[in-house]
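Everything below concerns the one structure shown next.
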Amino acid sequence: MLVTVRVHPRASNARVVRHGDMLEVWVHAPAADGAANKAVLAAVAKELDVPVSALRLRTGARSRNKLIEVVTR
């Protein structure tokens, strides 16, 4: 399964909002040294009730728009 994500780094309130098939994620972490990406993966894992290890960042490592793959075994 692929999930489209729009990220808002350095947000004052961390949250996840669903917009149909897309997730909009606000995280406290800055977009530096991969900190925001790690926080986004953790937030998406919690929202989808899957372990972080089941998520793969497919595209958008340096962008606010990301495509995350949920790997099912």
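By convention in this document, the chains of the structure tokens carry letters A, B, ... by their order, each chain's residues are numbered from 1, and ligands are numbered from 1 in the order they are shown.
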Practice task
Determine, counting only C-alpha atoms, which protein, DNA and RNA residues have an atom within 8 Å of an atom of Ala29 (chain A); residues of the same chain fewer than 5 positions away are not included. Present the result as a list in words.
Solution key: Pro9, Arg10, Ala11, Ala35, Ala36 and Ala39 of chain A
Print the selection's residues with C-alpha atoms to a file, as a PDB file, in the first residue's frame.
```pdb
ATOM      1  CA  PRO A   9       8.057  20.485   9.962  1.00  0.00           C
ATOM      2  CA  ARG A  10       8.691  22.675  13.035  1.00  0.00           C
ATOM      3  CA  ALA A  11       4.999  22.760  13.885  1.00  0.00           C
ATOM      4  CA  ALA A  35      14.842  14.459  11.879  1.00  0.00           C
ATOM      5  CA  ALA A  36      11.506  15.383  10.321  1.00  0.00           C
ATOM      6  CA  ALA A  39       9.208  11.908  13.108  1.00  0.00           C
TER       7      ALA A  39
END
```
Practice task
Name all residues at most 7 Å from region 58-70 of chain A (count only C-alpha atoms; drop same-chain ones fewer than 3 positions away) and give them as a PyMOL selection string.
Solution key: chain A and resi 1-8+54-55
For the selection just defined, write its residues with C-alpha atoms to a file, as a CSV table (one decimal), in the first residue's frame.
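In the end it all went to result33.csv:
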```csv
chain,number,residue,atom,x,y,z
A,1,MET,CA,0.0,0.0,0.0
A,2,LEU,CA,1.3,3.5,-0.8
A,3,VAL,CA,0.4,6.6,1.2
A,4,THR,CA,0.8,10.2,0.1
A,5,VAL,CA,2.0,12.5,2.9
A,6,ARG,CA,2.3,16.3,3.1
A,7,VAL,CA,4.6,17.3,5.9
A,8,HIS,CA,4.8,20.5,8.0
A,54,ALA,CA,6.9,-1.7,8.1
A,55,LEU,CA,7.2,1.7,6.5
```
Practice task
Would you mind listing what lies within 10 Å of region 42-44 of chain A as a ChimeraX atom specification, with only C-alpha atoms counted and same-chain residues fewer than 2 positions away left out?
Solution key: /A:3,5,14-16,23-27,36-40,46-53,55,68,70
Practice task
Mind the document's chain letters and residue numbers, and return as JSON, numbers by chain the residues of chain A that DSSP labels alpha helix (DSSP H).
Solution key: {"A": [35, 36, 37, 38, 39, 40, 41, 42, 43, 44, 45, 46, 47, 48]}
Restricting the output to C-alpha atoms, write the selected residues as a compact mmCIF listing (two decimals), in the first residue's frame.
```
# COMPACT_ATOMS: atom_id res chain seq x y z
CA ALA A 35 14.84 14.46 11.88
CA ALA A 36 11.51 15.38 10.32
CA ASN A 37 11.49 12.22 8.19
CA LYS A 38 11.98 10.05 11.28
CA ALA A 39 9.21 11.91 13.11
CA VAL A 40 6.89 11.58 10.11
CA LEU A 41 7.47 7.84 9.86
CA ALA A 42 6.73 7.47 13.58
CA ALA A 43 3.53 9.54 13.29
CA VAL A 44 2.32 7.64 10.21
CA ALA A 45 3.08 4.29 11.88
CA LYS A 46 1.02 5.31 14.89
CA GLU A 47 -1.84 6.56 12.71
CA LEU A 48 -1.93 3.36 10.63
```
Handout entry: Those in chain A with strand (DSSP E) from DSSP, as a PyMOL selection string
Key = chain A and resi 2-8+15-19+22-26+55-59+65-70
Selected residues, C-alpha atoms, written as a PDB file, in the first residue's frame, please.
```pdb
ATOM      1  CA  LEU A   2       1.264   3.496  -0.817  1.00  0.00           C
ATOM      2  CA  VAL A   3       0.390   6.574   1.238  1.00  0.00           C
ATOM      3  CA  THR A   4       0.836  10.154   0.064  1.00  0.00           C
ATOM      4  CA  VAL A   5       1.969  12.473   2.858  1.00  0.00           C
ATOM      5  CA  ARG A   6       2.261  16.264   3.099  1.00  0.00           C
ATOM      6  CA  VAL A   7       4.639  17.320   5.900  1.00  0.00           C
ATOM      7  CA  HIS A   8       4.753  20.482   8.014  1.00  0.00           C
ATOM      8  CA  ARG A  15      -0.830  15.901  14.618  1.00  0.00           C
ATOM      9  CA  VAL A  16      -2.015  13.815  11.685  1.00  0.00           C
ATOM     10  CA  VAL A  17      -5.058  14.652   9.559  1.00  0.00           C
ATOM     11  CA  ARG A  18      -6.518  12.379   6.887  1.00  0.00           C
ATOM     12  CA  HIS A  19      -7.668  13.895   3.597  1.00  0.00           C
ATOM     13  CA  MET A  22      -3.598  11.470   1.753  1.00  0.00           C
ATOM     14  CA  LEU A  23      -2.200  12.201   5.215  1.00  0.00           C
ATOM     15  CA  GLU A  24      -1.180  15.668   6.339  1.00  0.00           C
ATOM     16  CA  VAL A  25       1.397  15.444   9.140  1.00  0.00           C
ATOM     17  CA  TRP A  26       2.622  18.194  11.453  1.00  0.00           C
ATOM     18  CA  LEU A  55       7.241   1.728   6.485  1.00  0.00           C
ATOM     19  CA  ARG A  56       9.583   2.693   3.642  1.00  0.00           C
ATOM     20  CA  LEU A  57      10.091   6.226   2.387  1.00  0.00           C
ATOM     21  CA  ARG A  58       9.810   5.743  -1.384  1.00  0.00           C
ATOM     22  CA  THR A  59      10.088   9.358  -2.602  1.00  0.00           C
ATOM     23  CA  ASN A  65       5.502  15.804  -0.293  1.00  0.00           C
ATOM     24  CA  LYS A  66       6.372  12.183   0.383  1.00  0.00           C
ATOM     25  CA  LEU A  67       5.297   8.765  -0.781  1.00  0.00           C
ATOM     26  CA  ILE A  68       5.476   6.119   1.937  1.00  0.00           C
ATOM     27  CA  GLU A  69       5.100   2.421   1.283  1.00  0.00           C
ATOM     28  CA  VAL A  70       3.511   0.191   3.913  1.00  0.00           C
TER      29      VAL A  70
END
```
